[in-house]
>>> print(open('query.txt').read())   # compact mmCIF, C-alpha atoms and all ligand atoms
# COMPACT_ATOMS: atom_id res chain seq x y z
CA MET M 1 -20.96 23.05 145.59
CA SER M 2 -21.62 19.55 144.29
CA GLN M 3 -21.89 16.64 146.72
CA GLU M 4 -18.74 15.19 145.13
CA LYS M 5 -16.64 18.23 145.99
CA ARG M 6 -17.82 18.26 149.55
CA LYS M 7 -16.28 14.83 150.18
CA VAL M 8 -13.12 15.15 152.21
CA LYS M 9 -10.70 12.42 153.21
CA LYS M 10 -11.50 11.19 156.68
CA ASP M 11 -8.66 10.58 159.07
CA ALA M 12 -8.27 10.13 162.80
CA TRP M 13 -8.63 13.88 163.33
CA ALA M 14 -11.83 14.29 161.36
CA ALA M 15 -14.88 15.04 163.47
CA PRO M 16 -16.77 11.84 164.25
CA LYS M 17 -20.14 11.39 162.54
CA GLU M 18 -22.03 11.60 165.79
CA SER M 19 -21.59 14.61 168.04
CA PRO M 20 -21.44 14.07 171.78
CA LYS M 21 -24.54 15.05 173.68
CA PHE M 22 -23.00 17.97 175.59
CA LEU M 23 -20.26 20.54 175.53
CA TRP M 24 -19.34 23.11 178.16
CA MET M 25 -19.68 26.79 177.40
CA SER M 26 -19.21 29.81 179.66
CA GLY M 27 -19.95 27.98 182.87
CA ASN M 28 -22.75 25.67 181.70
CA LYS M 29 -23.15 22.23 180.23
CA VAL M 30 -24.96 22.89 176.95
CA GLU M 31 -26.54 20.52 174.42
CA TRP M 32 -24.30 20.30 171.33
CA GLU M 33 -26.83 21.83 168.90
CA LYS M 34 -27.64 24.72 171.21
CA ALA M 35 -24.05 25.97 171.65
CA THR M 36 -23.96 28.77 169.07
CA VAL M 37 -22.21 32.12 168.66
CA HIS M 38 -23.09 34.89 166.24
CA ALA M 39 -21.61 34.71 162.71
CA SER M 40 -20.23 38.25 163.05
CA THR M 41 -17.64 36.95 165.53
CA LEU M 42 -16.22 34.52 162.93
CA GLY M 43 -12.50 35.03 162.44
CA TRP M 44 -12.16 37.94 164.83
CA SER M 45 -12.64 35.79 167.91
CA ALA M 46 -9.90 33.44 166.63
CA ILE M 47 -7.25 36.19 166.62
CA SER M 48 -6.70 35.92 170.37
CA MET M 49 -8.10 32.42 170.89
CA VAL M 50 -5.95 29.98 172.86
CA PHE M 51 -6.67 26.32 173.46
CA GLU M 52 -5.63 22.99 174.91
CA GLY M 53 -5.66 19.44 173.62
CA ILE M 54 -6.08 16.83 176.36
CA ARG M 55 -6.49 13.08 176.06
CA GLY M 56 -8.57 10.68 178.08
CA TYR M 57 -7.76 6.97 177.93
CA TRP M 58 -10.24 4.12 178.31
CA ASN M 59 -9.06 1.03 180.16
CA PRO M 60 -11.30 -1.85 179.07
CA GLU M 61 -10.18 -4.29 181.84
CA ALA M 62 -10.99 -1.84 184.61
CA GLU M 63 -13.83 -0.15 182.65
CA GLN M 64 -12.15 3.09 183.60
CA LEU M 65 -11.72 6.38 181.77
CA ARG M 66 -8.83 8.58 182.95
CA ILE M 67 -7.87 12.08 181.77
CA PHE M 68 -4.10 12.49 181.47
CA GLN M 69 -2.45 15.58 183.00
CA LEU M 70 -5.71 17.54 183.26
CA ASP M 71 -4.40 20.15 185.73
CA ALA M 72 -1.13 20.67 183.83
CA HIS M 73 -3.09 21.41 180.65
CA LEU M 74 -5.45 23.82 182.40
CA GLU M 75 -2.52 25.60 184.06
CA ARG M 76 -0.94 26.03 180.63
CA LEU M 77 -4.27 27.35 179.31
CA MET M 78 -4.14 30.02 182.04
CA ARG M 79 -0.59 30.95 181.01
CA SER M 80 -1.62 31.22 177.34
CA MET M 81 -4.57 33.40 178.40
CA LYS M 82 -2.27 35.59 180.47
CA VAL M 83 -0.07 36.41 177.47
CA MET M 84 -3.26 37.27 175.52
CA ARG M 85 -4.23 39.58 178.43
CA MET M 86 -7.33 37.46 178.93
CA SER M 87 -8.42 36.80 182.49
CA SER M 88 -10.28 33.62 183.37
CA PRO M 89 -13.65 33.76 185.15
CA TRP M 90 -13.02 30.12 186.21
CA SER M 91 -10.19 28.63 188.26
CA VAL M 92 -8.21 25.55 187.22
CA GLN M 93 -10.04 23.59 189.95
CA GLU M 94 -13.48 24.69 188.70
CA LEU M 95 -12.63 23.88 185.09
CA ALA M 96 -11.14 20.51 186.02
CA ALA M 97 -14.26 19.50 187.95
CA ASP M 98 -16.57 20.67 185.15
CA ILE M 99 -14.52 18.86 182.48
CA VAL M 100 -14.71 15.59 184.42
CA ASP M 101 -18.47 16.13 184.74
CA LEU M 102 -18.80 16.91 181.01
CA VAL M 103 -16.90 13.82 179.89
CA ARG M 104 -18.91 11.71 182.35
CA SER M 105 -22.18 13.10 180.96
CA ASN M 106 -21.18 12.11 177.44
CA GLU M 107 -20.76 8.51 178.64
CA PHE M 108 -17.68 7.71 176.56
CA LYS M 109 -16.38 4.15 176.74
CA GLU M 110 -13.41 4.78 174.45
CA ASP M 111 -10.37 7.07 174.17
CA VAL M 112 -11.32 10.73 174.03
CA TYR M 113 -9.87 14.10 173.09
CA ILE M 114 -10.87 17.16 175.08
CA GLN M 115 -10.37 20.64 173.71
CA PRO M 116 -10.89 23.71 175.91
CA THR M 117 -10.79 27.00 173.96
CA ALA M 118 -10.59 30.48 175.50
CA TYR M 119 -11.58 33.54 173.50
CA PHE M 120 -13.02 37.03 173.76
CA GLY M 121 -16.78 36.75 173.44
CA GLU M 122 -19.25 38.81 171.45
CA THR M 123 -18.90 41.87 173.66
CA THR M 124 -15.09 42.05 173.23
CA PRO M 125 -13.87 41.83 169.63
CA GLY M 126 -10.56 39.93 169.73
CA TYR M 127 -8.76 42.50 167.59
CA LEU M 128 -9.59 45.30 170.04
CA ALA M 129 -8.59 43.49 173.18
CA ALA M 130 -5.56 45.58 174.10
CA LYS M 131 -5.93 45.58 177.87
CA GLU M 132 -6.79 42.75 180.21
CA GLN M 133 -10.40 41.61 179.95
CA PRO M 134 -12.26 38.45 180.89
CA GLY M 135 -12.43 35.72 178.29
CA GLU M 136 -15.04 33.07 177.57
CA ILE M 137 -14.21 29.37 177.68
CA ALA M 138 -15.82 26.55 175.72
CA VAL M 139 -14.85 22.88 176.07
CA PHE M 140 -15.47 20.25 173.38
CA ASN M 141 -14.83 16.56 173.66
CA ARG M 142 -15.00 13.69 171.21
CA ALA M 143 -13.87 10.12 170.67
CA ALA M 144 -10.27 9.89 169.41
CA ALA M 145 -8.54 6.51 169.23
CA SER M 146 -4.97 6.26 170.50
CA VAL M 147 -2.12 5.06 168.25
CA LEU M 148 -0.09 3.78 171.22
CA GLY M 149 0.91 0.15 170.83
CA ALA M 150 0.13 0.17 167.09
CA GLY M 151 3.84 0.08 166.17
CA ASN M 152 3.47 3.17 163.95
CA VAL M 153 6.61 4.22 162.11
CA ILE M 154 6.38 7.64 160.48
CA SER M 155 8.32 9.45 157.78
CA LEU M 156 9.49 13.02 158.39
CA GLY M 157 10.79 15.74 156.10
CA VAL M 158 12.45 19.05 156.95
CA SER M 159 10.13 21.83 155.83
CA SER M 160 11.15 24.85 153.79
CA TRP M 161 8.98 26.98 156.10
CA THR M 162 10.53 28.63 159.18
CA ARG M 163 9.11 28.50 162.71
CA ILE M 164 7.40 31.62 164.08
CA SER M 165 9.46 33.29 166.82
CA ASP M 166 8.86 34.77 170.25
CA ASN M 167 8.87 38.37 169.02
CA VAL M 168 6.51 37.63 166.11
CA MET M 169 3.89 35.10 167.23
CA PRO M 170 5.07 33.56 170.51
CA PRO M 171 5.15 29.77 169.90
CA ARG M 172 4.98 29.02 173.62
CA VAL M 173 1.41 30.33 173.64
CA LYS M 174 -0.95 27.62 172.44
CA ALA M 175 -2.78 30.00 170.11
CA ILE M 176 -5.14 29.01 167.31
CA THR M 177 -3.47 31.53 165.00
CA ASN M 178 -0.03 29.90 165.49
CA TYR M 179 -1.45 26.89 163.69
CA GLN M 180 -1.23 28.77 160.40
CA ASN M 181 2.54 28.19 160.62
CA SER M 182 1.96 24.50 161.39
CA ARG M 183 -0.58 24.27 158.55
CA TYR M 184 1.88 25.50 155.91
CA VAL M 185 4.35 22.87 157.13
CA ALA M 186 1.74 20.10 157.17
CA ASP M 187 0.55 21.05 153.69
CA GLU M 188 4.07 20.92 152.28
CA SER M 189 5.04 17.66 154.00
CA THR M 190 1.82 15.98 152.85
CA ARG M 191 2.41 17.08 149.23
CA HIS M 192 5.94 15.67 149.45
CA GLY M 193 4.65 12.35 150.79
CA TYR M 194 5.86 12.66 154.40
CA ASP M 195 3.67 11.97 157.41
CA PHE M 196 4.89 15.10 159.24
CA GLY M 197 7.20 18.05 158.63
CA ILE M 198 10.07 19.22 160.85
CA ILE M 199 10.30 23.01 161.29
CA LEU M 200 13.64 24.78 161.69
CA ASN M 201 13.67 28.00 163.70
CA GLN M 202 15.04 31.36 162.60
CA GLN M 203 18.54 30.29 163.72
CA GLY M 204 18.27 27.26 161.42
CA LYS M 205 18.12 24.81 164.35
CA VAL M 206 15.50 22.10 164.75
CA SER M 207 12.41 23.44 166.50
CA GLU M 208 9.55 20.95 166.37
CA ILE M 209 7.07 19.00 164.25
CA SER M 210 4.02 20.81 162.91
CA TYR M 211 1.94 19.69 165.92
CA ALA M 212 4.37 17.88 168.21
CA CYS M 213 7.84 17.99 169.77
CA ILE M 214 10.87 15.95 168.77
CA TYR M 215 13.60 13.93 170.48
CA ILE M 216 16.65 12.34 168.89
CA ILE M 217 18.78 9.64 170.51
CA ARG M 218 22.52 9.55 169.89
CA ASP M 219 24.88 7.13 171.65
CA GLY M 220 22.42 6.42 174.46
CA VAL M 221 21.66 10.11 175.14
CA ALA M 222 18.26 11.65 174.36
CA ILE M 223 18.40 15.20 172.98
CA THR M 224 15.50 17.63 172.51
CA PRO M 225 15.50 21.31 171.48
CA PRO M 226 15.23 23.74 174.45
CA VAL M 227 12.12 25.78 175.29
CA THR M 228 13.84 28.78 173.68
CA ALA M 229 14.03 27.04 170.27
CA GLY M 230 10.55 28.14 169.16
CA ILE M 231 8.75 25.12 170.55
CA LEU M 232 5.40 24.91 172.25
CA GLU M 233 6.26 23.99 175.84
CA SER M 234 4.89 20.49 175.55
CA ILE M 235 3.60 18.64 178.59
CA THR M 236 4.31 15.29 176.90
CA ARG M 237 7.91 16.39 176.24
CA ASP M 238 8.33 17.04 180.00
CA ILE M 239 6.73 13.75 181.03
CA VAL M 240 8.89 11.87 178.52
CA LYS M 241 12.03 13.57 179.88
CA GLY M 242 11.23 12.31 183.39
CA LEU M 243 10.50 8.79 182.16
CA LEU M 244 13.70 8.58 180.10
CA GLU M 245 15.87 9.82 182.98
CA ASN M 246 14.24 8.19 185.97
CA GLU M 247 12.70 5.00 184.61
CA LEU M 248 14.87 4.06 181.64
CA GLY M 249 18.22 5.50 182.81
CA ILE M 250 18.68 7.52 179.61
CA PRO M 251 20.27 10.96 180.15
CA VAL M 252 18.37 13.83 178.51
CA LEU M 253 19.99 16.96 177.09
CA GLU M 254 18.01 20.06 176.17
CA ARG M 255 20.15 21.76 173.57
CA ASP M 256 20.08 23.03 169.99
CA VAL M 257 19.82 20.27 167.40
CA ASP M 258 21.32 20.62 163.92
CA ARG M 259 19.51 19.38 160.83
CA THR M 260 22.14 16.76 159.96
CA GLU M 261 22.00 15.32 163.49
CA LEU M 262 18.54 14.12 162.50
CA TYR M 263 20.07 12.07 159.69
CA ILE M 264 22.69 10.29 161.83
CA ALA M 265 20.64 9.77 165.01
CA ASP M 266 20.17 6.19 166.27
CA GLU M 267 16.49 6.81 167.06
CA VAL M 268 14.10 9.72 166.57
CA PHE M 269 10.58 10.10 167.90
CA ILE M 270 7.88 12.74 168.06
CA CYS M 271 5.72 13.40 171.10
CA GLY M 272 2.66 15.40 172.02
CA THR M 273 -0.86 14.86 173.29
CA GLY M 274 -2.29 14.45 169.80
CA ALA M 275 0.70 12.62 168.27
CA GLU M 276 1.38 10.62 171.47
CA ILE M 277 4.75 8.84 170.95
CA GLN M 278 5.64 7.76 167.42
CA ALA M 279 8.99 6.55 166.07
CA ALA M 280 10.44 8.08 162.90
CA GLY M 281 11.68 5.54 160.35
CA SER M 282 13.10 8.08 157.93
CA ILE M 283 13.90 11.80 157.68
CA ASP M 284 14.35 13.46 154.28
CA GLY M 285 14.74 9.94 152.87
CA TYR M 286 17.59 8.98 155.24
CA THR M 287 16.78 5.82 157.18
CA VAL M 288 16.78 6.33 160.96
CA GLY M 289 18.45 3.38 162.74
CA ASP M 290 17.15 0.25 161.03
CA GLY M 291 13.99 2.05 159.90
CA GLY M 292 11.70 0.56 162.55
CA VAL M 293 10.88 1.32 166.20
CA GLY M 294 14.23 1.41 168.03
CA PRO M 295 14.82 -0.19 171.46
CA ILE M 296 14.63 2.98 173.57
CA VAL M 297 11.53 4.34 171.84
CA SER M 298 9.92 0.90 172.12
CA ASP M 299 10.48 0.78 175.92
CA LEU M 300 9.39 4.39 176.32
CA GLU M 301 6.19 3.95 174.35
CA GLN M 302 5.22 0.83 176.30
CA LEU M 303 5.85 2.55 179.63
CA PHE M 304 3.93 5.66 178.55
CA HIS M 305 1.04 3.53 177.27
CA ASP M 306 0.73 1.68 180.59
CA ILE M 307 0.81 4.97 182.50
CA VAL M 308 -1.86 6.80 180.47
CA ARG M 309 -4.25 3.83 180.67
CA GLY M 310 -3.84 3.67 184.44
CA ARG M 311 -2.14 0.23 184.26
CA ASN M 312 0.93 1.34 186.21
CA GLU M 313 0.05 1.83 189.90
CA ARG M 314 3.05 4.07 190.55
CA PHE M 315 1.84 6.71 188.14
CA VAL M 316 -1.94 6.80 188.72
CA ASP M 317 -1.58 10.33 190.14
CA MET M 318 -0.68 11.56 186.66
CA SER M 319 -4.29 11.19 185.54
CA THR M 320 -7.77 11.97 186.81
CA GLU M 321 -10.42 9.27 187.01
CA VAL M 322 -13.72 10.06 185.26
CA TYR M 323 -15.30 6.69 186.10
C1 LIG M 401 0.06 21.23 171.70
C2 LIG M 401 1.28 21.28 170.87
C3 LIG M 401 2.36 20.41 171.06
C4 LIG M 401 2.34 19.28 172.07
O1 LIG M 401 2.17 19.70 173.39
P1 LIG M 401 1.59 18.71 174.48
O2 LIG M 401 1.50 19.52 175.72
O3 LIG M 401 2.55 17.61 174.62
O4 LIG M 401 0.28 18.24 173.98
C5 LIG M 401 3.48 20.59 170.29
N1 LIG M 401 3.54 21.55 169.35
C6 LIG M 401 2.52 22.39 169.12
C7 LIG M 401 2.65 23.44 168.07
C8 LIG M 401 1.36 22.29 169.87
O5 LIG M 401 0.35 23.12 169.64
>>> encode(input="query.txt", output="structure tokens", more="lines below")
Ligand SMILES: *Cc1c(COP(=O)(O)O)cnc(C)c1O
Amino acid sequence: MSQEKRKVKKDAWAAPKESPKFLWMSGNKVEWEKATVHASTLGWSAISMVFEGIRGYWNPEAEQLRIFQLDAHLERLMRSMKVMRMSSPWSVQELAADIVDLVRSNEFKEDVYIQPTAYFGETTPGYLAAKEQPGEIAVFNRAAASVLGAGNVISLGVSSWTRISDNVMPPRVKAITNYQNSRYVADESTRHGYDFGIILNQQGKVSEISYACIYIIRDGVAITPPVTAGILESITRDIVKGLLENELGIPVLERDVDRTELYIADEVFICGTGAEIQAAGSIDGYTVGDGGVGPIVSDLEQLFHDIVRGRNERFVDMSTEVY
């Protein structure tokens, strides 16, 4: 392949030029270059691979790095592994301590993204794993700047693809293979000029964004599809629900959302660890509200931003200090 063809567009999700010094693999901190698996496991190990995406936020005033909702993510990893009939050789407490140690060793002084992956190793081909067996875990981490506070306004489009369902590929399991569904959606929405695509479930109701969850706000009430709508049970979605209800006094309903409700909502936003909180300015070309960041989303994003950076004393327990 020519050098020209190898060039790919870099975005926030592209791997940074410099790798961190260490990753964590099967119980040990390993130098990045030395963490290898055999090529024969390519593909097959991904069949039953589950993962997590976790963010750490750097606070420049306090020179502090804090990992947001570390235990909640690791507990969800264990639940995803359970459905894959994969037992974990490490407890949530052991993994949490080792992840803090890993991030500390890489000496980040910026926002980071941490990705634990659990898979059947070389001795257990993923396609044969039909009864419970122990999995392997590897944890990667890299710099990943936050978009919070940037005033991002995104465009959304309803995708022609349908969400996978619980009896096909359970969406509540954070499985690598489920991302094929998200990838079709992302490909279509990018070709159509949208930032993200909205996926409808097999009942034709709104499910989620390719890699995030969705809330709409109508007449002062926040509405989000229920956990039975084909969504990934998002930790951010739960945190946001608590903040809306308890801090901003906005009632939250978990109920089915119709496609045309998206078009007439006062505000719409997406949420997730990767996406954080971003306001939608348009959906299928219909302007949402006045097309900018609405008042409730603005307050929510500011509150969330202060919490994740450890600037709000009342919520410091939501994150784990690295240094
Ligand atoms: C991870 C993920 C989300 C967001 O979940 P968080 O726990 O908030 O990070 C939403 N949708 C999909 C498909 C995901 O994989």
>>> closest_residue(input="query.txt", among="M:Gln93, M:Gln69, M:Thr162, M:Thr117", to="Ala175 (chain M)", atoms="only C-alpha atoms")
M:Thr117
>>> residues_near_ligand(input="query.txt", ligand="ligand LIG 401 (chain M)", cutoff="9 Å", atoms="only C-alpha atoms and all ligand atoms", output="PyMOL selection string")
chain M and resi 51-55+72-73+76+171-176+178-179+181-182+208-214+231-239+271-276
>>> closest_residue(input="query.txt", among="M:Asn59, M:Gln64, M:Ser45, M:Thr36", to="Val322 (chain M)", atoms="only C-alpha atoms")
M:Gln64
>>> closest_residue(input="query.txt", among="M:Ala97, M:Ile277, M:Val257, M:Ile154", to="Gln203 (chain M)", atoms="only C-alpha atoms")
M:Val257
>>> atom_distance(input="query.txt", atom1="CA of Phe140 (chain M)", atom2="CA of Glu94 (chain M)")
16.1 Å
>>> atom_distance(input="query.txt", atom1="CA of Ile99 (chain M)", atom2="CA of Thr41 (chain M)")
25.0 Å
>>> residues_around(input="query.txt", residues="Glu245 (chain M)", least_positions_apart="4", cutoff="12 Å", atoms="all atoms listed in the file", output="list in words")
Gly220, Val221, Ala222, Ile223, Asp238, Ile239, Val240, Lys241, Gly249, Ile250, Pro251, Val252, Leu253, Ile296 and Leu300 of chain M
>>> closest_residue(input="query.txt", among="M:Lys29, M:Arg183, M:His305, M:Arg191", to="Ala138 (chain M)", atoms="only C-alpha atoms")
M:Lys29
>>> atom_distance(input="query.txt", atom1="CA of Gly197 (chain M)", atom2="CA of Asp256 (chain M)")
17.9 Å
>>> closest_residue(input="query.txt", among="M:Leu200, M:Ser160, M:Phe120, M:His38", to="Tyr184 (chain M)", atoms="all atoms listed in the file")
M:Ser160
>>> build_atoms(input="query.txt", residues="region 24-35 of chain M", atoms="all heavy atoms", output="mmCIF file, keeping the file's coordinate frame")
data_model
loop_
_atom_site.group_PDB
_atom_site.id
_atom_site.type_symbol
_atom_site.label_atom_id
_atom_site.label_comp_id
_atom_site.auth_asym_id
_atom_site.auth_seq_id
_atom_site.Cartn_x
_atom_site.Cartn_y
_atom_site.Cartn_z
ATOM 1 N N TRP M 24 -19.318 22.185 177.028
ATOM 2 C CA TRP M 24 -19.340 23.110 178.160
ATOM 3 C C TRP M 24 -19.047 24.494 177.616
ATOM 4 O O TRP M 24 -18.111 24.663 176.834
ATOM 5 C CB TRP M 24 -18.283 22.685 179.169
ATOM 6 C CG TRP M 24 -18.256 23.415 180.481
ATOM 7 C CD1 TRP M 24 -18.844 23.013 181.652
ATOM 8 C CD2 TRP M 24 -17.571 24.637 180.781
ATOM 9 N NE1 TRP M 24 -18.572 23.904 182.644
ATOM 10 C CE2 TRP M 24 -17.791 24.931 182.138
ATOM 11 C CE3 TRP M 24 -16.801 25.537 180.031
ATOM 12 C CZ2 TRP M 24 -17.272 26.054 182.768
ATOM 13 C CZ3 TRP M 24 -16.279 26.661 180.648
ATOM 14 C CH2 TRP M 24 -16.521 26.911 182.015
ATOM 15 N N MET M 25 -19.866 25.459 177.956
ATOM 16 C CA MET M 25 -19.680 26.790 177.400
ATOM 17 C C MET M 25 -20.001 27.834 178.460
ATOM 18 O O MET M 25 -21.109 27.829 179.021
ATOM 19 C CB MET M 25 -20.639 26.942 176.207
ATOM 20 C CG MET M 25 -20.270 28.045 175.261
ATOM 21 S SD MET M 25 -21.400 27.980 173.853
ATOM 22 C CE MET M 25 -20.837 29.417 172.978
ATOM 23 N N SER M 26 -19.022 28.675 178.743
ATOM 24 C CA SER M 26 -19.210 29.810 179.660
ATOM 25 C C SER M 26 -19.912 29.420 180.959
ATOM 26 O O SER M 26 -20.844 30.086 181.405
ATOM 27 C CB SER M 26 -19.994 30.919 178.957
ATOM 28 O OG SER M 26 -19.331 31.295 177.772
ATOM 29 N N GLY M 27 -19.459 28.342 181.549
ATOM 30 C CA GLY M 27 -19.950 27.980 182.870
ATOM 31 C C GLY M 27 -21.072 26.965 182.895
ATOM 32 O O GLY M 27 -21.476 26.504 183.964
ATOM 33 N N ASN M 28 -21.613 26.601 181.725
ATOM 34 C CA ASN M 28 -22.750 25.670 181.700
ATOM 35 C C ASN M 28 -22.515 24.501 180.758
ATOM 36 O O ASN M 28 -21.884 24.661 179.713
ATOM 37 C CB ASN M 28 -24.015 26.396 181.232
ATOM 38 C CG ASN M 28 -24.367 27.544 182.135
ATOM 39 O OD1 ASN M 28 -24.586 27.369 183.334
ATOM 40 N ND2 ASN M 28 -24.375 28.749 181.580
ATOM 41 N N LYS M 29 -23.103 23.372 181.139
ATOM 42 C CA LYS M 29 -23.150 22.230 180.230
ATOM 43 C C LYS M 29 -24.294 22.526 179.258
ATOM 44 O O LYS M 29 -25.399 22.848 179.671
ATOM 45 C CB LYS M 29 -23.441 20.975 181.049
ATOM 46 C CG LYS M 29 -23.024 19.721 180.384
ATOM 47 C CD LYS M 29 -22.772 18.612 181.401
ATOM 48 C CE LYS M 29 -23.998 18.301 182.242
ATOM 49 N NZ LYS M 29 -23.739 17.315 183.277
ATOM 50 N N VAL M 30 -23.973 22.475 177.961
ATOM 51 C CA VAL M 30 -24.960 22.890 176.950
ATOM 52 C C VAL M 30 -25.120 21.748 175.949
ATOM 53 O O VAL M 30 -24.142 21.077 175.604
ATOM 54 C CB VAL M 30 -24.455 24.151 176.197
ATOM 55 C CG1 VAL M 30 -25.506 24.665 175.218
ATOM 56 C CG2 VAL M 30 -24.048 25.239 177.168
ATOM 57 N N GLU M 31 -26.335 21.526 175.470
ATOM 58 C CA GLU M 31 -26.540 20.520 174.420
ATOM 59 C C GLU M 31 -25.801 20.961 173.166
ATOM 60 O O GLU M 31 -25.799 22.154 172.821
ATOM 61 C CB GLU M 31 -28.026 20.346 174.122
ATOM 62 C CG GLU M 31 -28.734 19.515 175.175
ATOM 63 C CD GLU M 31 -30.221 19.440 174.926
ATOM 64 O OE1 GLU M 31 -30.614 19.203 173.772
ATOM 65 O OE2 GLU M 31 -30.973 19.662 175.897
ATOM 66 N N TRP M 32 -25.180 20.021 172.481
ATOM 67 C CA TRP M 32 -24.300 20.300 171.330
ATOM 68 C C TRP M 32 -24.938 21.277 170.343
ATOM 69 O O TRP M 32 -24.338 22.275 169.948
ATOM 70 C CB TRP M 32 -23.949 18.972 170.641
ATOM 71 C CG TRP M 32 -22.919 19.097 169.566
ATOM 72 C CD1 TRP M 32 -23.150 19.313 168.241
ATOM 73 C CD2 TRP M 32 -21.493 19.055 169.722
ATOM 74 N NE1 TRP M 32 -21.963 19.401 167.560
ATOM 75 C CE2 TRP M 32 -20.925 19.237 168.450
ATOM 76 C CE3 TRP M 32 -20.638 18.867 170.822
ATOM 77 C CZ2 TRP M 32 -19.543 19.240 168.230
ATOM 78 C CZ3 TRP M 32 -19.268 18.874 170.598
ATOM 79 C CH2 TRP M 32 -18.738 19.058 169.320
ATOM 80 N N GLU M 33 -26.173 21.016 169.944
ATOM 81 C CA GLU M 33 -26.830 21.830 168.900
ATOM 82 C C GLU M 33 -27.133 23.240 169.384
ATOM 83 O O GLU M 33 -27.311 24.143 168.583
ATOM 84 C CB GLU M 33 -28.152 21.183 168.446
ATOM 85 C CG GLU M 33 -27.999 19.871 167.695
ATOM 86 C CD GLU M 33 -27.675 18.699 168.614
ATOM 87 O OE1 GLU M 33 -27.891 18.824 169.841
ATOM 88 O OE2 GLU M 33 -27.180 17.675 168.103
ATOM 89 N N LYS M 34 -27.220 23.409 170.687
ATOM 90 C CA LYS M 34 -27.640 24.720 171.210
ATOM 91 C C LYS M 34 -26.453 25.655 171.499
ATOM 92 O O LYS M 34 -26.651 26.807 171.870
ATOM 93 C CB LYS M 34 -28.471 24.533 172.477
ATOM 94 C CG LYS M 34 -29.771 23.818 172.155
ATOM 95 C CD LYS M 34 -30.739 23.812 173.311
ATOM 96 C CE LYS M 34 -32.052 23.156 172.873
ATOM 97 N NZ LYS M 34 -32.715 22.453 173.965
ATOM 98 N N ALA M 35 -25.230 25.156 171.313
ATOM 99 C CA ALA M 35 -24.050 25.970 171.650
ATOM 100 C C ALA M 35 -23.643 26.797 170.430
ATOM 101 O O ALA M 35 -22.795 26.403 169.639
ATOM 102 C CB ALA M 35 -22.910 25.056 172.082
#
